[in-house]
>>> print(open('protein_37.cif').read())   # mmCIF, C-alpha atoms
data_run
#
loop_
_atom_site.label_atom_id
_atom_site.label_comp_id
_atom_site.auth_asym_id
_atom_site.auth_seq_id
_atom_site.Cartn_x
_atom_site.Cartn_y
_atom_site.Cartn_z
CA MET V 731 -6.30 21.67 -67.28
CA SER V 732 -2.88 21.36 -65.65
CA HIS V 733 -0.92 18.15 -65.17
CA ILE V 734 -0.78 17.90 -61.43
CA LEU V 735 1.67 15.75 -59.49
CA THR V 736 0.55 12.16 -59.30
CA PRO V 737 0.52 9.54 -56.53
CA GLY V 738 3.91 8.07 -55.72
CA THR V 739 5.65 11.43 -56.12
CA ALA V 740 7.42 12.97 -53.13
CA ALA V 741 5.46 16.08 -52.11
CA PRO V 742 7.65 19.15 -52.73
CA ASP V 743 8.34 21.03 -49.52
CA PHE V 744 7.39 24.70 -49.26
CA THR V 745 7.20 27.51 -46.76
CA LEU V 746 4.37 30.04 -46.95
CA HIS V 747 2.75 32.69 -44.82
CA VAL V 748 -0.20 31.34 -42.87
CA THR V 749 -0.91 34.70 -41.22
CA PRO V 750 0.77 38.06 -41.90
CA ASP V 751 3.39 37.25 -39.23
CA GLN V 752 3.57 33.44 -39.21
CA ILE V 753 4.95 30.96 -41.69
CA LEU V 754 4.30 27.25 -42.11
CA SER V 755 6.32 24.59 -43.91
CA LEU V 756 5.03 21.29 -45.17
CA ARG V 757 7.87 19.54 -43.35
CA ASP V 758 6.48 20.89 -40.05
CA LEU V 759 3.70 18.34 -40.51
CA ALA V 760 6.09 15.40 -41.00
CA GLY V 761 4.79 12.28 -39.29
CA LYS V 762 1.15 12.92 -40.04
CA PRO V 763 -0.88 13.02 -43.22
CA ALA V 764 -1.65 16.32 -44.89
CA ILE V 765 -4.40 17.42 -47.24
CA LEU V 766 -3.47 20.24 -49.62
CA ALA V 767 -6.47 21.95 -51.12
CA PHE V 768 -5.47 24.42 -53.82
CA TYR V 769 -8.34 26.69 -54.84
CA PRO V 770 -8.60 29.66 -57.18
CA ALA V 771 -9.62 32.46 -54.84
CA ASP V 772 -11.09 33.49 -51.51
CA TRP V 773 -14.64 34.85 -51.50
CA SER V 774 -16.39 32.50 -53.89
CA PRO V 775 -20.17 32.17 -53.35
CA VAL V 776 -21.05 30.97 -49.87
CA CYS V 777 -23.26 27.91 -49.96
CA GLY V 778 -21.27 26.02 -52.56
CA ASP V 779 -17.92 27.11 -51.23
CA GLN V 780 -15.32 24.38 -50.96
CA MET V 781 -13.44 25.74 -47.94
CA THR V 782 -16.71 26.27 -46.04
CA LEU V 783 -17.61 22.65 -46.68
CA TYR V 784 -14.20 21.35 -45.58
CA ASN V 785 -14.48 23.42 -42.43
CA GLU V 786 -17.50 21.32 -41.45
CA ILE V 787 -15.65 18.07 -42.17
CA LEU V 788 -12.54 18.86 -40.11
CA PRO V 789 -13.46 16.34 -37.37
CA GLU V 790 -13.48 13.56 -39.98
CA PHE V 791 -10.06 14.61 -41.28
CA GLN V 792 -8.79 14.73 -37.70
CA LYS V 793 -9.95 11.14 -37.12
CA HIS V 794 -7.22 10.22 -39.58
CA GLY V 795 -4.76 12.55 -37.88
CA ALA V 796 -4.66 14.59 -41.07
CA GLN V 797 -4.01 18.33 -41.26
CA LEU V 798 -5.91 20.29 -43.90
CA LEU V 799 -4.15 23.23 -45.58
CA GLY V 800 -5.99 25.53 -47.98
CA ILE V 801 -3.76 27.29 -50.53
CA SER V 802 -4.50 30.10 -52.96
CA VAL V 803 -2.62 33.06 -54.44
CA ASP V 804 -4.48 35.47 -52.17
CA GLY V 805 -2.36 37.40 -49.68
CA ALA V 806 -2.21 36.67 -45.96
CA TRP V 807 -4.41 39.65 -45.04
CA CYS V 808 -7.05 38.56 -47.52
CA HIS V 809 -6.94 35.02 -46.12
CA GLN V 810 -7.25 36.38 -42.62
CA ALA V 811 -10.41 38.34 -43.48
CA PHE V 812 -11.87 35.40 -45.41
CA ALA V 813 -11.14 32.88 -42.64
CA LYS V 814 -12.68 35.18 -40.05
CA HIS V 815 -15.78 35.81 -42.15
CA ARG V 816 -16.36 32.10 -42.84
CA ARG V 817 -15.21 31.04 -39.35
CA LEU V 818 -12.63 28.68 -40.83
CA HIS V 819 -10.68 26.58 -38.33
CA PHE V 820 -7.78 25.48 -40.49
CA PRO V 821 -4.79 27.32 -42.02
CA LEU V 822 -5.02 29.13 -45.33
CA LEU V 823 -1.61 29.55 -46.96
CA ALA V 824 -0.74 32.56 -49.10
CA ASP V 825 0.98 31.46 -52.33
CA PHE V 826 1.41 35.14 -52.98
CA GLU V 827 5.08 36.09 -53.48
CA PRO V 828 6.47 35.05 -55.86
CA LYS V 829 2.94 34.43 -56.95
CA GLY V 830 1.84 30.84 -57.47
CA THR V 831 5.28 29.32 -56.77
CA VAL V 832 3.89 26.40 -54.79
CA ALA V 833 0.98 25.83 -57.16
CA LYS V 834 3.56 25.61 -59.98
CA LEU V 835 5.61 23.07 -57.97
CA TYR V 836 2.54 20.87 -57.78
CA GLY V 837 1.56 21.43 -61.42
CA ALA V 838 -1.56 23.23 -60.31
CA TYR V 839 -1.14 26.77 -61.67
CA ARG V 840 -3.27 28.34 -64.40
CA ASP V 841 -0.94 30.64 -66.30
CA GLY V 842 -3.51 32.59 -68.25
CA GLU V 843 -5.61 33.43 -65.21
CA GLY V 844 -2.88 33.69 -62.59
CA VAL V 845 -4.66 31.49 -60.06
CA SER V 846 -4.25 27.93 -58.89
CA GLU V 847 -6.34 25.03 -60.06
CA ARG V 848 -8.94 23.48 -57.82
CA ALA V 849 -6.54 20.64 -57.04
CA LEU V 850 -6.42 18.25 -54.10
CA PHE V 851 -3.48 16.27 -52.74
CA VAL V 852 -3.43 13.76 -49.91
CA ILE V 853 0.13 13.37 -48.60
CA ASP V 854 1.02 10.47 -46.34
CA LYS V 855 3.00 10.77 -43.12
CA ASN V 856 6.23 10.05 -45.02
CA GLY V 857 5.71 12.97 -47.37
CA MET V 858 4.61 10.98 -50.42
CA ILE V 859 1.59 12.00 -52.48
CA SER V 860 -0.89 9.16 -52.10
CA TRP V 861 -3.80 10.68 -54.02
CA SER V 862 -4.38 13.74 -56.18
CA TYR V 863 -7.29 15.16 -58.11
CA CYS V 864 -7.79 18.20 -60.30
CA SER V 865 -11.38 19.37 -60.53
CA PRO V 866 -12.84 21.51 -63.30
CA ILE V 867 -12.25 25.01 -61.96
CA ALA V 868 -15.92 25.88 -61.52
CA VAL V 869 -16.79 22.62 -59.79
CA ASN V 870 -16.41 22.19 -56.05
CA PRO V 871 -15.02 18.64 -55.83
CA GLY V 872 -16.53 17.97 -52.41
CA ALA V 873 -14.71 15.81 -49.89
CA ASP V 874 -15.61 12.23 -50.76
CA GLY V 875 -12.36 11.69 -52.72
CA ILE V 876 -10.27 13.00 -49.81
CA LEU V 877 -12.02 10.75 -47.29
CA ASP V 878 -11.66 7.70 -49.55
CA ALA V 879 -7.93 8.46 -49.90
CA LEU V 880 -7.43 8.95 -46.15
CA GLU V 881 -9.11 5.61 -45.47
CA LYS V 882 -6.68 3.88 -47.81
CA LEU V 883 -3.58 5.24 -46.02
CA PRO V 884 -1.69 2.59 -44.06
CA ASN V 885 -1.85 3.19 -40.33
CA MET M 162 -21.56 11.43 -61.90
CA ALA M 163 -21.96 11.49 -58.13
CA MET M 164 -24.18 8.73 -56.77
CA LEU M 165 -26.15 8.60 -53.56
CA LYS M 166 -24.22 6.26 -51.25
CA VAL M 167 -26.79 6.03 -48.48
CA PRO M 168 -29.99 4.27 -49.56
CA VAL M 169 -33.35 5.64 -48.49
CA THR M 170 -34.69 3.75 -45.47
CA SER M 171 -37.53 4.05 -43.00
CA ASP M 172 -35.21 6.21 -40.85
CA ASP M 173 -35.56 8.93 -43.48
CA HIS M 174 -38.20 11.63 -43.65
CA ILE M 175 -40.24 10.60 -46.66
CA GLN M 176 -43.24 12.03 -48.48
CA GLY M 177 -44.99 10.08 -51.22
CA PRO M 178 -45.56 6.39 -51.81
CA LEU M 179 -42.91 3.73 -51.25
CA GLU M 180 -43.50 2.32 -54.74
CA ALA M 181 -43.20 5.67 -56.55
CA PRO M 182 -41.07 5.29 -59.70
CA VAL M 183 -38.94 8.34 -58.88
CA THR M 184 -37.28 9.30 -55.60
CA LEU M 185 -36.00 12.84 -55.14
CA VAL M 186 -33.56 13.25 -52.24
CA GLU M 187 -32.61 16.74 -51.07
CA TYR M 188 -29.68 17.56 -48.82
CA GLY M 189 -30.58 20.91 -47.32
CA ASP M 190 -29.81 23.50 -44.67
CA TYR M 191 -32.63 25.52 -43.07
CA GLN M 192 -30.57 28.70 -43.03
CA CYS M 193 -29.26 28.41 -46.59
CA PRO M 194 -30.92 31.05 -48.77
CA TYR M 195 -30.62 28.86 -51.87
CA CYS M 196 -32.46 26.06 -50.05
CA GLY M 197 -35.10 28.65 -49.19
CA LEU M 198 -35.41 29.46 -52.89
CA ALA M 199 -35.59 25.78 -53.80
CA TYR M 200 -38.30 25.03 -51.23
CA PRO M 201 -41.35 26.29 -53.18
CA ASN M 202 -40.00 24.67 -56.36
CA VAL M 203 -39.81 21.29 -54.65
CA ARG M 204 -43.37 21.71 -53.40
CA ARG M 205 -44.56 22.49 -56.95
CA VAL M 206 -42.63 19.52 -58.30
CA GLN M 207 -44.31 17.27 -55.73
CA GLN M 208 -47.74 18.57 -56.77
CA HIS M 209 -46.85 18.16 -60.43
CA PHE M 210 -45.89 14.49 -60.14
CA GLY M 211 -48.27 13.48 -57.35
CA GLN M 212 -48.07 9.78 -56.52
CA GLN M 213 -45.26 9.23 -59.03
CA LEU M 214 -42.75 10.97 -56.80
CA ARG M 215 -41.29 10.18 -53.42
CA PHE M 216 -39.44 13.04 -51.69
CA VAL M 217 -36.80 12.62 -49.00
CA PHE M 218 -35.18 15.43 -47.01
CA ARG M 219 -31.81 14.99 -45.30
CA HIS M 220 -29.91 17.53 -43.23
CA PHE M 221 -26.76 19.21 -44.48
CA PRO M 222 -26.20 22.14 -42.11
CA LEU M 223 -23.12 24.29 -42.74
CA SER M 224 -23.09 25.20 -39.08
CA GLN M 225 -20.08 27.49 -39.03
CA ILE M 226 -21.54 29.96 -41.50
CA HIS M 227 -25.18 29.16 -40.66
CA PRO M 228 -25.30 28.94 -36.85
CA LEU M 229 -29.11 28.65 -36.89
CA ALA M 230 -29.16 25.69 -39.28
CA GLU M 231 -28.36 23.14 -36.60
CA PRO M 232 -30.98 24.25 -34.02
CA ALA M 233 -33.49 24.50 -36.86
CA ALA M 234 -32.70 20.90 -37.82
CA GLU M 235 -33.04 19.92 -34.15
CA THR M 236 -36.48 21.54 -34.16
CA ALA M 237 -37.55 19.58 -37.25
CA GLU M 238 -36.23 16.32 -35.78
CA PHE M 239 -37.97 17.03 -32.47
CA ALA M 240 -41.24 17.47 -34.37
CA GLY M 241 -40.37 14.25 -36.21
CA ASP M 242 -40.47 12.36 -32.92
CA TYR M 243 -44.14 13.39 -32.78
CA LYS M 244 -44.69 12.46 -36.46
CA ARG M 245 -44.83 16.17 -37.33
CA PHE M 246 -41.52 16.53 -39.19
CA TRP M 247 -42.98 17.86 -42.43
CA GLU M 248 -45.13 20.49 -40.79
CA ALA M 249 -42.09 21.80 -38.93
CA HIS M 250 -40.02 21.61 -42.12
CA ASP M 251 -42.60 23.74 -43.95
CA GLU M 252 -42.81 26.27 -41.12
CA LEU M 253 -39.02 26.62 -41.02
CA TYR M 254 -38.66 27.26 -44.74
CA GLU M 255 -41.78 29.39 -45.07
CA ASN M 256 -40.50 31.63 -42.28
CA GLN M 257 -36.81 31.39 -43.07
CA GLU M 258 -36.27 35.14 -42.70
CA ARG M 259 -37.37 34.84 -39.06
CA LEU M 260 -35.22 31.79 -38.27
CA GLY M 261 -34.19 31.83 -34.61
CA ALA M 262 -35.12 30.74 -31.11
CA GLU M 263 -38.47 32.57 -31.22
CA LEU M 264 -39.48 30.87 -34.43
CA PHE M 265 -38.48 27.44 -33.08
CA VAL M 266 -40.75 27.99 -30.08
CA ALA M 267 -43.51 29.32 -32.34
CA VAL M 268 -43.28 26.16 -34.46
CA ALA M 269 -43.65 24.02 -31.35
CA ILE M 270 -46.67 26.05 -30.21
CA THR M 271 -48.30 25.90 -33.65
CA LEU M 272 -47.85 22.11 -33.73
CA LYS M 273 -48.93 21.80 -30.07
CA LEU M 274 -45.60 20.25 -29.06
CA PRO M 275 -44.06 20.67 -25.59
CA VAL M 276 -41.97 23.84 -25.72
CA ALA M 277 -39.78 23.06 -22.72
CA GLU M 278 -38.79 19.71 -24.20
CA LEU M 279 -37.93 21.36 -27.50
CA ARG M 280 -35.72 23.91 -25.74
CA ASP M 281 -34.04 21.09 -23.86
CA ALA M 282 -33.49 19.07 -27.05
CA ILE M 283 -31.89 22.09 -28.76
CA THR M 284 -29.67 22.84 -25.76
CA ARG M 285 -28.54 19.25 -25.40
CA GLN M 286 -28.25 18.84 -29.18
CA LYS M 287 -30.28 15.69 -28.81
CA TYR M 288 -30.55 15.01 -32.54
CA THR M 289 -27.02 16.03 -33.51
CA PRO M 290 -25.86 12.44 -34.12
CA LYS M 291 -28.72 11.88 -36.58
CA ILE M 292 -28.14 15.26 -38.25
CA ARG M 293 -24.40 14.60 -38.49
CA ASN M 294 -25.12 11.16 -39.90
CA ASP M 295 -27.21 12.75 -42.65
CA PHE M 296 -24.43 15.27 -43.25
CA MET M 297 -21.63 12.71 -43.55
CA GLY M 298 -23.75 10.47 -45.79
CA GLY M 299 -24.13 13.52 -48.02
CA VAL M 300 -20.39 14.22 -47.99
CA ARG M 301 -19.64 10.60 -48.97
CA SER M 302 -22.18 10.91 -51.79
CA GLY M 303 -20.40 13.96 -53.17
CA VAL M 304 -22.64 16.70 -51.80
CA ASN M 305 -20.57 19.86 -52.20
CA GLY M 306 -23.05 22.53 -51.23
CA THR M 307 -26.72 23.08 -50.61
CA PRO M 308 -29.25 22.36 -51.80
CA ALA M 309 -28.08 19.12 -53.41
CA PHE M 310 -30.58 16.89 -55.18
CA PHE M 311 -30.38 13.22 -56.17
CA ILE M 312 -32.91 11.79 -58.59
CA ASN M 313 -33.13 8.01 -58.35
CA GLY M 314 -29.69 8.01 -56.77
CA MET M 315 -27.95 10.22 -59.34
CA ARG M 316 -26.91 13.75 -58.43
CA HIS M 317 -28.85 16.41 -60.28
CA ASP M 318 -26.22 18.90 -61.39
CA GLY M 319 -28.63 21.22 -63.18
CA SER M 320 -30.40 24.16 -61.60
CA PHE M 321 -33.15 23.68 -59.05
CA ASP M 322 -35.77 25.79 -60.79
CA PHE M 323 -39.13 24.11 -61.33
CA GLU M 324 -38.72 23.41 -65.05
CA GLN M 325 -35.24 21.88 -64.70
CA LEU M 326 -36.31 19.62 -61.85
CA VAL M 327 -39.42 18.52 -63.78
CA LEU M 328 -37.37 17.76 -66.89
CA ALA M 329 -34.81 15.75 -64.92
CA ILE M 330 -37.49 13.75 -63.12
CA GLN M 331 -39.44 13.20 -66.33
CA THR M 332 -36.52 11.29 -67.85
CA GLN M 333 -36.85 8.71 -65.07
CA LEU M 334 -40.52 8.00 -65.82
#
>>> encode(input="protein_37.cif", output="structure tokens")
Amino acid sequence: MSHILTPGTAAPDFTLHVTPDQILSLRDLAGKPAILAFYPADWSPVCGDQMTLYNEILPEFQKHGAQLLGISVDGAWCHQAFAKHRRLHFPLLADFEPKGTVAKLYGAYRDGEGVSERALFVIDKNGMISWSYCSPIAVNPGADGILDALEKLPN
Amino acid sequence: MAMLKVPVTSDDHIQGPLEAPVTLVEYGDYQCPYCGLAYPNVRRVQQHFGQQLRFVFRHFPLSQIHPLAEPAAETAEFAGDYKRFWEAHDELYENQERLGAELFVAVAITLKLPVAELRDAITRQKYTPKIRNDFMGGVRSGVNGTPAFFINGMRHDGSFDFEQLVLAIQTQL
């Protein structure tokens, strides 16, 4: 398993495609907390799917003013189809070219397989990582760790 | 090991005796095909353990991908107000392939419940706060998909086939 960035580290900035014709940078979210959810691939089985679960929990994340960003090495068109199919209401970022660059910045890239880890980061409004967690790749980590971390953020 | 954070109370839908040595809690979604597959297994497990097992069902609808899960849960809760939760629960899972407005009405008719009131409850999402409360309790307990089972408060990470559930419950007896 990778050594992901730990709490107290400044979250590296990045700019990625969020749709085929739009880009998003982490710094665009400055002033509010962010949740980065790296995951291996779009289209994993439905009922246990991590992004589908987070989609249902968005109102809880929003109570903390936090923006959720899903990130995988899938391309923007793939993300678009996946988000439409699962009716996802949050951005999916394409860490596609050069592949896995952002996952590598966060220590969350699996070299052998060419996908990102199932790694979670909660970033505070000042851009510092306040919590991180790397799940075994086959295990959906759920959202309890994220919610605990958001509750511990200073207002 | 994920632990159940919300204790079982009289607000829950419970089958089996209060003093049963084992409590099985399921977080489920009426439109989830895996929950549909688990349903007969749970019934067999209940028959197998009889009075030794208490079974609790809580809602965990993934409403964005399963748009019928929420109205189905409303239907079950509506029946629950008339002390008929479990009959509605069984009807919903036993007819999962027909899930929809017609089935919800049919359930009300079968259970001799007022159809207009059921329609109104579904439209107004009368039971959504309770359903959402179940859902968030599940999230905080580490539920990451459905069905999710807890046996005496500990998440059962094995499969939900009959033999695996029996084995896991047996260790608590």
>>> closest_residue(input="protein_37.cif", among="M:His227, M:Arg316, M:His220, M:Lys287", to="chain V", atoms="all atoms listed in the file")
M:His227
>>> resolve_selection(input="protein_37.cif", expression="the PyMOL selection byres ((chain V) within 10 of (chain M))", output="list of chain:residue names")
V:Val776, V:Cys777, V:Gly778, V:Asp779, V:Gln780, V:Thr782, V:Leu783, V:Tyr784, V:Asn785, V:Glu786, V:Ile787, V:Glu790, V:His815, V:Arg816, V:Arg817, V:Leu818, V:His819, V:Val869, V:Asn870, V:Pro871, V:Gly872, V:Ala873, V:Asp874, V:Gly875, V:Ile876, V:Leu877, V:Asp878
>>> residues_near_point(input="protein_37.cif", point="(-40.8, 9.3, -60.7)", cutoff="9 Å", atoms="all atoms listed in the file", output="JSON, numbers by chain")
{"M": [181, 182, 183, 184, 185, 210, 212, 213, 214, 215, 312, 313, 330, 331, 332, 333, 334]}
>>> resolve_selection(input="protein_37.cif", expression="the PyMOL selection byres ((chain V and resi 823) around 10)", output="short mmCIF file (atom, residue, chain, number, x, y, z; two decimals) with C-alpha atoms, keeping the file's coordinate frame")
data_model
loop_
_atom_site.label_atom_id
_atom_site.label_comp_id
_atom_site.auth_asym_id
_atom_site.auth_seq_id
_atom_site.Cartn_x
_atom_site.Cartn_y
_atom_site.Cartn_z
CA THR V 745 7.20 27.51 -46.76
CA LEU V 746 4.37 30.04 -46.95
CA HIS V 747 2.75 32.69 -44.82
CA VAL V 748 -0.20 31.34 -42.87
CA THR V 749 -0.91 34.70 -41.22
CA ILE V 753 4.95 30.96 -41.69
CA LEU V 754 4.30 27.25 -42.11
CA SER V 755 6.32 24.59 -43.91
CA LEU V 766 -3.47 20.24 -49.62
CA ALA V 767 -6.47 21.95 -51.12
CA PHE V 768 -5.47 24.42 -53.82
CA LEU V 799 -4.15 23.23 -45.58
CA GLY V 800 -5.99 25.53 -47.98
CA ILE V 801 -3.76 27.29 -50.53
CA SER V 802 -4.50 30.10 -52.96
CA VAL V 803 -2.62 33.06 -54.44
CA ASP V 804 -4.48 35.47 -52.17
CA GLY V 805 -2.36 37.40 -49.68
CA ALA V 806 -2.21 36.67 -45.96
CA HIS V 809 -6.94 35.02 -46.12
CA GLN V 810 -7.25 36.38 -42.62
CA PHE V 820 -7.78 25.48 -40.49
CA PRO V 821 -4.79 27.32 -42.02
CA LEU V 822 -5.02 29.13 -45.33
CA ALA V 824 -0.74 32.56 -49.10
CA ASP V 825 0.98 31.46 -52.33
CA PHE V 826 1.41 35.14 -52.98
#
>>> resolve_selection(input="protein_37.cif", expression="the PyMOL selection byres ((chain V and resi 763) around 8)", output="list in words")
Leu759, Ala760, Gly761, Lys762, Ala764, Ile765, His794, Gly795, Ala796, Gln797, Val852, Ile853, Asp854, Lys855, Asn856 and Gly857 of chain V
>>> write_last_selection(input="protein_37.cif", atoms="C-alpha atoms", output="compact mmCIF listing (two decimals), in the frame of the given file")
# COMPACT_ATOMS: atom_id res chain seq x y z
CA LEU V 759 3.70 18.34 -40.51
CA ALA V 760 6.09 15.40 -41.00
CA GLY V 761 4.79 12.28 -39.29
CA LYS V 762 1.15 12.92 -40.04
CA ALA V 764 -1.65 16.32 -44.89
CA ILE V 765 -4.40 17.42 -47.24
CA HIS V 794 -7.22 10.22 -39.58
CA GLY V 795 -4.76 12.55 -37.88
CA ALA V 796 -4.66 14.59 -41.07
CA GLN V 797 -4.01 18.33 -41.26
CA VAL V 852 -3.43 13.76 -49.91
CA ILE V 853 0.13 13.37 -48.60
CA ASP V 854 1.02 10.47 -46.34
CA LYS V 855 3.00 10.77 -43.12
CA ASN V 856 6.23 10.05 -45.02
CA GLY V 857 5.71 12.97 -47.37
>>> atom_distance(input="protein_37.cif", atom1="atom CA of M:Ala199", atom2="atom CA of M:Ile292")
20.2 Å
>>> residues_around(input="protein_37.cif", residues="M:Val203", least_positions_apart="3", cutoff="9 Å", atoms="all atoms listed in the file", output="MDAnalysis selection string")
chainID M and resid 199:200 206:208 216 321:323 326
>>> write_last_selection(input="protein_37.cif", atoms="C-alpha atoms", output="PDB file, keeping the file's coordinate frame")
ATOM      1  CA  ALA M 199     -35.590  25.780 -53.800  1.00  0.00           C
ATOM      2  CA  TYR M 200     -38.300  25.030 -51.230  1.00  0.00           C
ATOM      3  CA  VAL M 206     -42.630  19.520 -58.300  1.00  0.00           C
ATOM      4  CA  GLN M 207     -44.310  17.270 -55.730  1.00  0.00           C
ATOM      5  CA  GLN M 208     -47.740  18.570 -56.770  1.00  0.00           C
ATOM      6  CA  PHE M 216     -39.440  13.040 -51.690  1.00  0.00           C
ATOM      7  CA  PHE M 321     -33.150  23.680 -59.050  1.00  0.00           C
ATOM      8  CA  ASP M 322     -35.770  25.790 -60.790  1.00  0.00           C
ATOM      9  CA  PHE M 323     -39.130  24.110 -61.330  1.00  0.00           C
ATOM     10  CA  LEU M 326     -36.310  19.620 -61.850  1.00  0.00           C
TER      11      LEU M 326
END
>>> closest_residue(input="protein_37.cif", among="M:Ile175, M:Leu279, M:Leu229, M:Ala240", to="M:Leu260", atoms="all atoms listed in the file")
M:Leu229
>>> atom_distance(input="protein_37.cif", atom1="atom CA of V:Ala833", atom2="atom CA of V:Thr736")
13.8 Å
>>> atom_distance(input="protein_37.cif", atom1="atom CA of M:Arg204", atom2="atom CA of M:Ala230")
20.4 Å
>>> axis_aligned_box(input="protein_37.cif", around="stretch 863-882 of chain V", padding_each_side="4 Å", output="lines of an AutoDock Vina configuration file")
center_x = -11.7
center_y = 14.9
center_z = -54.4
size_x = 18.1
size_y = 30.0
size_z = 25.8
>>> residues_around(input="protein_37.cif", residues="M:Ile283", least_positions_apart="5", cutoff="8 Å", atoms="only C-alpha atoms", output="PyMOL selection string")
chain M and resi 232+235-236
>>> write_last_selection(input="protein_37.cif", atoms="C-alpha atoms", output="PDB file, in the frame of the given file")
ATOM      1  CA  PRO M 232     -30.980  24.250 -34.020  1.00  0.00           C
ATOM      2  CA  GLU M 235     -33.040  19.920 -34.150  1.00  0.00           C
ATOM      3  CA  THR M 236     -36.480  21.540 -34.160  1.00  0.00           C
TER       4      THR M 236
END
